[in-house]
Amino acid sequence: MENKNKKNGEEECSIDGDILASILSNLPLLDLDSACHVSKSWNRAVFFSLHRLKPTPWLLLYKQRKNPPYTTAATAMAYDPKSDNWIEIKTASPVEHVSDARSSHSTLLYALSTRRLSFSVDAFHLEWRHVASPKICRIDPIVAVVGRSLIVAGGVWDFEDDRLAVEMLDVGSGEEEAWERCESMPEYLSGSESSTWLSLAVCAGKMYVTEKRSGVACSFDPKTRSWTKLVDFSPSECGLLHSRVVGSDGNRLLVAGITGDDTDNPTGIELWEVVSTESSPMDSKFEWIGSMPKECFEKLRGIGYGWPLTAIAFNAVGDMVYVHNAAEIGEVVAAEMEGGKLCRWRTLRNEEARGDAGERLIVACSNVSFSDLKRAFRDDLSFSVLV
């Protein structure tokens, strides 16, 4: 009788399943994993809470050796906006590349050599695909993955005939050498047809490209294998833009630009959403979504530099955007999207994320789900929250 009463007492003190699931849906992913092991009822509650849980947009920082072998460090850093914590990630099997690894349109990492092109798009970049290098020799192209299409454009060697050449590979076909020539990049991009001068984003099944300095923009549709000219990404209401970059949260195309009347004295960074690009690309409008606060801009710019913001890098995924200075990765500025506008701006500093003289830093951004986290555990990744 005593055991029965004790059991009933425990049931009376337990939290209702729906309430518990609702509470757990507000926990960071790492805490959610711990909650799975409390009891069977908590494990069930975690399972039901996943229906309420959106993937979390983590910022990821990887270190790589600057010289051969181009090995990524066994330790990476991640920022989880839900917990507002930096997390150290350790792996038992660092990846060795044949060349520098680069980041493209937030979620893609790739490494290109004359022998092969390696790329990864999963949340923690645990899986790398290796395909034959494009038929045209390239040194600084733009690279994107749109659906099943791997697209490489521009950045060709001087001895090639077409500096604007575009090649595409269907990565789902299983034919790793079946690169297909597509319509070349528009002539108005001639002279800036490389990742140094271009910014790209993948949005709604297309690749969007803009010249950082001029704002000249176009889109590439992998279905038609052709280009469409867009309105210049230079919103008239912002005044003079010295540099702009594009990003996408998946379904919306975003633009960030450095403002100011004098290139030696920029005043800030403004952000817009590009609307109506699908129905009438030349009539696209710009809807302002936020201004970077002055204190965040000054930290991003740094102290004691005349003009360090030669380029800004823009990572966007889910309801988060991250901005940093591509020339010198120090402070990273983050903001959340709410009601179509950016809010809750913050700067993220992590001294442990900085590389030494022999390392370079690669910045990526990925939506991380609970299944991504469980897969990472199966692949022997360990996570430690930094306090």
# chains A, B, ... in the order shown; residues from 1 in each chain; ligands from 1
call {"tool": "residues_around", "arguments": {"residues": "Leu254 of chain A", "least_positions_apart": "5", "cutoff": "8 Å", "atoms": "only C-alpha atoms", "output": "list in words"}}
result
Val246, Gly247, Ser248, Asp249, Leu271, Trp272, Glu273 and Val274 of chain A
call {"tool": "write_last_selection", "arguments": {"atoms": "N, CA and C atoms", "output": "PDB file, in the first residue's frame"}}
result
ATOM      1  N   VAL A 246      24.914  40.636 -50.234  1.00  0.00           N
ATOM      2  CA  VAL A 246      23.584  40.040 -50.186  1.00  0.00           C
ATOM      3  C   VAL A 246      23.594  38.791 -49.313  1.00  0.00           C
ATOM      4  N   GLY A 247      22.436  38.460 -48.810  1.00  0.00           N
ATOM      5  CA  GLY A 247      22.261  37.252 -48.023  1.00  0.00           C
ATOM      6  C   GLY A 247      20.815  36.813 -48.135  1.00  0.00           C
ATOM      7  N   SER A 248      20.505  35.668 -47.576  1.00  0.00           N
ATOM      8  CA  SER A 248      19.143  35.156 -47.665  1.00  0.00           C
ATOM      9  C   SER A 248      18.840  34.279 -46.468  1.00  0.00           C
ATOM     10  N   ASP A 249      17.603  34.400 -45.964  1.00  0.00           N
ATOM     11  CA  ASP A 249      17.171  33.505 -44.898  1.00  0.00           C
ATOM     12  C   ASP A 249      16.476  32.278 -45.467  1.00  0.00           C
ATOM     13  N   LEU A 271      20.335  47.776 -43.624  1.00  0.00           N
ATOM     14  CA  LEU A 271      19.899  46.510 -44.206  1.00  0.00           C
ATOM     15  C   LEU A 271      18.494  46.636 -44.763  1.00  0.00           C
ATOM     16  N   TRP A 272      18.266  45.957 -45.908  1.00  0.00           N
ATOM     17  CA  TRP A 272      16.982  45.983 -46.586  1.00  0.00           C
ATOM     18  C   TRP A 272      16.593  44.574 -47.024  1.00  0.00           C
ATOM     19  N   GLU A 273      15.310  44.406 -47.260  1.00  0.00           N
ATOM     20  CA  GLU A 273      14.802  43.224 -47.937  1.00  0.00           C
ATOM     21  C   GLU A 273      14.469  43.616 -49.372  1.00  0.00           C
ATOM     22  N   VAL A 274      14.861  42.775 -50.329  1.00  0.00           N
ATOM     23  CA  VAL A 274      14.536  43.002 -51.739  1.00  0.00           C
ATOM     24  C   VAL A 274      13.205  42.308 -52.011  1.00  0.00           C
TER      25      VAL A 274
END
call {"tool": "closest_residue", "arguments": {"among": "A:Leu117, A:Ile312, A:Ile136, A:Val202", "to": "Glu176 of chain A", "atoms": "only C-alpha atoms"}}
result
A:Leu117
call {"tool": "residues_around", "arguments": {"residues": "Leu164 of chain A", "least_positions_apart": "2", "cutoff": "12 Å", "atoms": "only C-alpha atoms", "output": "PyMOL selection string"}}
result
chain A and resi 136+138+140-142+152-158+160-162+166-167+181-194+227
call {"tool": "write_last_selection", "arguments": {"atoms": "N, CA and C atoms", "output": "CSV table (one decimal), in the first residue's frame"}}
result
chain,number,residue,atom,x,y,z
A,136,ILE,N,36.9,24.0,-66.7
A,136,ILE,CA,37.6,25.2,-66.9
A,136,ILE,C,38.4,25.6,-65.7
A,138,ARG,N,40.0,27.4,-62.7
A,138,ARG,CA,39.5,28.6,-62.0
A,138,ARG,C,40.4,28.8,-60.7
A,140,ASP,N,39.5,31.9,-58.5
A,140,ASP,CA,38.7,32.7,-57.5
A,140,ASP,C,37.2,32.8,-57.9
A,141,PRO,N,36.5,31.7,-58.2
A,141,PRO,CA,35.2,31.7,-58.7
A,141,PRO,C,34.1,32.0,-57.5
A,142,ILE,N,32.9,32.2,-57.9
A,142,ILE,CA,31.8,32.2,-57.0
A,142,ILE,C,31.2,30.7,-57.1
A,152,VAL,N,29.4,26.9,-60.5
A,152,VAL,CA,30.7,27.5,-60.4
A,152,VAL,C,30.8,28.6,-61.5
A,153,ALA,N,31.1,29.8,-61.2
A,153,ALA,CA,31.0,30.9,-62.2
A,153,ALA,C,32.2,31.9,-62.0
A,154,GLY,N,32.8,32.3,-63.1
A,154,GLY,CA,33.8,33.3,-63.1
A,154,GLY,C,35.1,32.8,-62.5
A,155,GLY,N,36.0,33.8,-62.1
A,155,GLY,CA,37.2,33.5,-61.4
A,155,GLY,C,38.2,32.6,-62.2
A,156,VAL,N,38.2,32.6,-63.5
A,156,VAL,CA,39.0,31.7,-64.3
A,156,VAL,C,40.4,32.2,-64.5
A,157,TRP,N,41.3,31.3,-64.8
A,157,TRP,CA,42.7,31.7,-65.1
A,157,TRP,C,42.8,32.6,-66.3
A,158,ASP,N,43.9,33.3,-66.4
A,158,ASP,CA,44.0,34.3,-67.5
A,158,ASP,C,44.1,33.6,-68.9
A,160,GLU,N,42.4,31.2,-70.1
A,160,GLU,CA,41.1,30.7,-70.5
A,160,GLU,C,40.4,31.7,-71.4
A,161,ASP,N,39.6,31.3,-72.4
A,161,ASP,CA,39.0,32.2,-73.4
A,161,ASP,C,37.8,33.0,-72.8
A,162,ASP,N,37.0,32.4,-72.0
A,162,ASP,CA,35.8,33.0,-71.4
A,162,ASP,C,36.0,33.3,-69.9
A,166,VAL,N,30.4,29.8,-67.0
A,166,VAL,CA,29.6,29.2,-65.9
A,166,VAL,C,29.5,27.7,-66.2
A,167,GLU,N,29.7,26.9,-65.2
A,167,GLU,CA,29.5,25.5,-65.3
A,167,GLU,C,28.6,25.0,-64.1
A,181,ARG,N,28.2,23.2,-69.4
A,181,ARG,CA,28.4,24.7,-69.7
A,181,ARG,C,27.0,25.3,-69.7
A,182,CYS,N,26.9,26.5,-69.1
A,182,CYS,CA,25.7,27.2,-69.1
A,182,CYS,C,25.9,28.6,-69.7
A,183,GLU,N,24.9,29.4,-69.8
A,183,GLU,CA,25.0,30.8,-70.3
A,183,GLU,C,26.1,31.5,-69.4
A,184,SER,N,27.0,32.2,-70.0
A,184,SER,CA,28.0,32.9,-69.3
A,184,SER,C,27.5,34.1,-68.5
A,185,MET,N,28.2,34.5,-67.5
A,185,MET,CA,27.8,35.6,-66.7
A,185,MET,C,27.6,36.9,-67.6
A,186,PRO,N,26.7,37.8,-67.2
A,186,PRO,CA,26.5,39.0,-68.1
A,186,PRO,C,27.8,39.8,-68.3
A,187,GLU,N,27.9,40.4,-69.4
A,187,GLU,CA,29.1,41.2,-69.8
A,187,GLU,C,29.3,42.4,-68.9
A,188,TYR,N,28.3,42.9,-68.3
A,188,TYR,CA,28.5,44.1,-67.4
A,188,TYR,C,29.2,43.7,-66.1
A,189,LEU,N,29.4,42.4,-65.9
A,189,LEU,CA,30.2,42.0,-64.7
A,189,LEU,C,31.7,41.7,-65.1
A,190,SER,N,32.0,42.0,-66.4
A,190,SER,CA,33.4,41.8,-66.8
A,190,SER,C,34.3,42.7,-66.1
A,191,GLY,N,35.4,42.2,-65.6
A,191,GLY,CA,36.3,42.9,-64.8
A,191,GLY,C,36.1,42.7,-63.3
A,192,SER,N,35.0,42.2,-62.9
A,192,SER,CA,34.7,41.9,-61.5
A,192,SER,C,34.1,40.5,-61.3
A,193,GLU,N,34.5,39.6,-62.2
A,193,GLU,CA,33.8,38.3,-62.2
A,193,GLU,C,34.5,37.3,-61.3
A,194,SER,N,34.7,37.6,-60.0
A,194,SER,CA,35.3,36.7,-59.1
A,194,SER,C,34.7,37.0,-57.7
A,227,TRP,N,20.7,33.8,-67.2
A,227,TRP,CA,20.8,34.9,-66.3
A,227,TRP,C,19.7,36.0,-66.5
call {"tool": "residues_around", "arguments": {"residues": "Leu348 of chain A", "least_positions_apart": "2", "cutoff": "9 Å", "atoms": "only C-alpha atoms", "output": "CSV table (one decimal) with C-alpha atoms, in the first residue's frame"}}
result
chain,number,residue,atom,x,y,z
A,79,TYR,CA,27.5,30.7,-31.1
A,86,TRP,CA,29.7,30.3,-27.2
A,330,GLY,CA,37.3,40.2,-34.9
A,331,GLU,CA,33.9,41.4,-33.6
A,332,VAL,CA,30.8,39.8,-35.1
A,333,VAL,CA,27.6,41.7,-35.0
A,334,ALA,CA,24.3,39.7,-34.6
A,346,ARG,CA,24.6,42.5,-30.0
A,350,ASN,CA,35.4,35.4,-28.4
call {"tool": "residues_around", "arguments": {"residues": "Ala74 of chain A", "least_positions_apart": "6", "cutoff": "12 Å", "atoms": "only C-alpha atoms", "output": "list of chain:residue names"}}
result
A:Leu61, A:Tyr62, A:Lys63, A:Gln64, A:Arg65, A:Glu88, A:Ile89, A:Lys90, A:Thr91, A:Ala92, A:Ser93, A:Pro94, A:Val95, A:Glu96, A:Asp380, A:Leu381, A:Ser382
call {"tool": "residues_around", "arguments": {"residues": "Ser371 of chain A", "least_positions_apart": "6", "cutoff": "12 Å", "atoms": "only C-alpha atoms", "output": "list in words"}}
result
Leu29, Leu30, Leu32, Asp33, Phe47, Leu50, Leu53, Lys54, Pro55, Thr56, Asp122, Ala123, Phe124, Phe377 and Arg378 of chain A
call {"tool": "closest_residue", "arguments": {"among": "A:Ala165, A:Val245, A:Cys343, A:Ile289", "to": "Phe314 of chain A", "atoms": "only C-alpha atoms"}}
result
A:Val245
call {"tool": "select_by_dssp", "arguments": {"residues": "segment 161-349 of chain A", "states": "helix (DSSP H, G or I)", "output": "ChimeraX atom specification"}}
result
/A:187-189,236-238,281-283,294-301
call {"tool": "write_last_selection", "arguments": {"atoms": "C-alpha atoms", "output": "CSV table (one decimal), in the first residue's frame"}}
result
chain,number,residue,atom,x,y,z
A,187,GLU,CA,29.1,41.2,-69.8
A,188,TYR,CA,28.5,44.1,-67.4
A,189,LEU,CA,30.2,42.0,-64.7
A,236,SER,CA,17.9,55.4,-53.3
A,237,GLU,CA,16.8,56.4,-49.9
A,238,CYS,CA,20.1,55.4,-48.2
A,281,PRO,CA,12.9,41.8,-61.5
A,282,MET,CA,13.6,45.3,-62.9
A,283,ASP,CA,10.9,46.8,-60.7
A,294,LYS,CA,26.4,53.0,-33.7
A,295,GLU,CA,28.1,51.2,-30.8
A,296,CYS,CA,28.0,47.9,-32.8
A,297,PHE,CA,29.3,49.5,-35.9
A,298,GLU,CA,32.2,51.1,-34.1
A,299,LYS,CA,33.2,47.8,-32.6
A,300,LEU,CA,32.9,46.1,-36.0
A,301,ARG,CA,35.1,48.8,-37.5
call {"tool": "closest_residue", "arguments": {"among": "A:Ser133, A:Ser83, A:Asn251, A:Ser118", "to": "Pro28 of chain A", "atoms": "only C-alpha atoms"}}
result
A:Ser83
call {"tool": "atom_distance", "arguments": {"atom1": "atom CA of Ser214 of chain A", "atom2": "atom CA of Pro235 of chain A"}}
result
11.7 Å
call {"tool": "select_by_dssp", "arguments": {"residues": "segment 231-269 of chain A", "states": "strand (DSSP E)", "output": "list in words"}}
result
Leu241, His242, Ser243, Arg244, Val245, Val246, Gly247, Ser248, Leu253, Leu254, Val255, Ala256, Gly257, Ile258, Thr259, Gly268 and Ile269 of chain A
call {"tool": "atom_distance", "arguments": {"atom1": "atom CA of Val143 of chain A", "atom2": "atom CA of Ser104 of chain A"}}
result
6.7 Å
call {"tool": "residues_around", "arguments": {"residues": "Val209 of chain A", "least_positions_apart": "5", "cutoff": "8 Å", "atoms": "only C-alpha atoms", "output": "list of chain:residue names"}}
result
A:Leu198, A:Ser199, A:Leu200, A:Ala201, A:Ala217, A:Cys218, A:Ser219, A:Val246
call {"tool": "atom_distance", "arguments": {"atom1": "atom CA of Leu240 of chain A", "atom2": "atom CA of Cys365 of chain A"}}
result
28.9 Å
